[in-house]
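First comes the structure, then the notes that go with it.
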Amino acid sequence: VLRERGADKSGRPLYELVEYLERACTDDVSSEVILEGGCVYRLVPLCFCQMPETSPRCAVVAVHSVHPVELKKAPSTWDEVACATIEGAKRLGNSWNDRTHPGVTYWLLREAGGCTLAVENRSERAAAVQADATESVGCASSRGDLGVVALVPARSRAVVLALAFSPSASFTRAAIAPQPVPLELAPPLS
């Protein structure tokens with residue numbers, strides 16, 4: 001659950017994380033969240049197992065309030081999906097700083113539904129990270145592959161890799177081994 005908190009220089013909305021519901025391998029997720037009135041919120045469903053699918057995700061939301069509430073169906077943007085994923089990893093994941101590149105912080109979030117590696121680069125120069133998930137079994141990858149080298153520009157953040165357990169897999173295991181690599185190994189941003 002994200003709360004809108006203004007806009008960046010280009011006019012895109014900025015969000016803060018209000019609540020993160022852990023991903024699981026179930027058909028439904030249920031939680032109670034008490035929200036402040038007068039704010040705009042976005043419920044962003046994170047469904048990495050269906051990343052290759054182009055059809056929209058379906059969700060049912062029940063709202064109980066003593067005050068009038070306006071609900072609108074809105075398409076999710078990749079910025080919102082990335083924001084929800086990164087903020088969830090920052091809140092619930094394990095973090096560590098890159099000793100070879102001051103200003104770069106990693107978060108690894110392990111959940112019942114998979115795991116996520118996010119990185120934030122607060123420095124003035126680009127960084128590169130390699131994520132190796134080849135030891136994972138029965139997982140779908142947000143990148144389509146279990147190994148990736150990602151470029152993280154200065155003053156930016158990124159979801160390097162997200163793994164989700166495949167519902168049809170008889171056995172699953174998710175493991176991401178990240179490590180910083182030289183910039184020359186990272187592909188250019190597209």
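By convention here, the chains of the structure tokens are called A, B, ... in the order presented, each chain's residues are numbered starting at 1, and ligands are numbered starting at 1 in the order presented.
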Could you pull the residues within 9 Å of A:Ala150, counting only C-alpha atoms, minus those fewer than 2 positions along the same chain, as number ranges by chain?
-> A: 127-131, 148, 152, 158, 160, 185-189
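Proximity ranking of A:Arg99, A:Leu163, A:Arg125, A:Val69 relative to A:Gly144 places A:Leu163 first, based on only C-alpha atoms.
Candidate residues A:Leu161, A:Ala174, A:Val18, A:Ala126 were compared for distance to A:Gly138, and the nearest is A:Ala174, using only C-alpha atoms.
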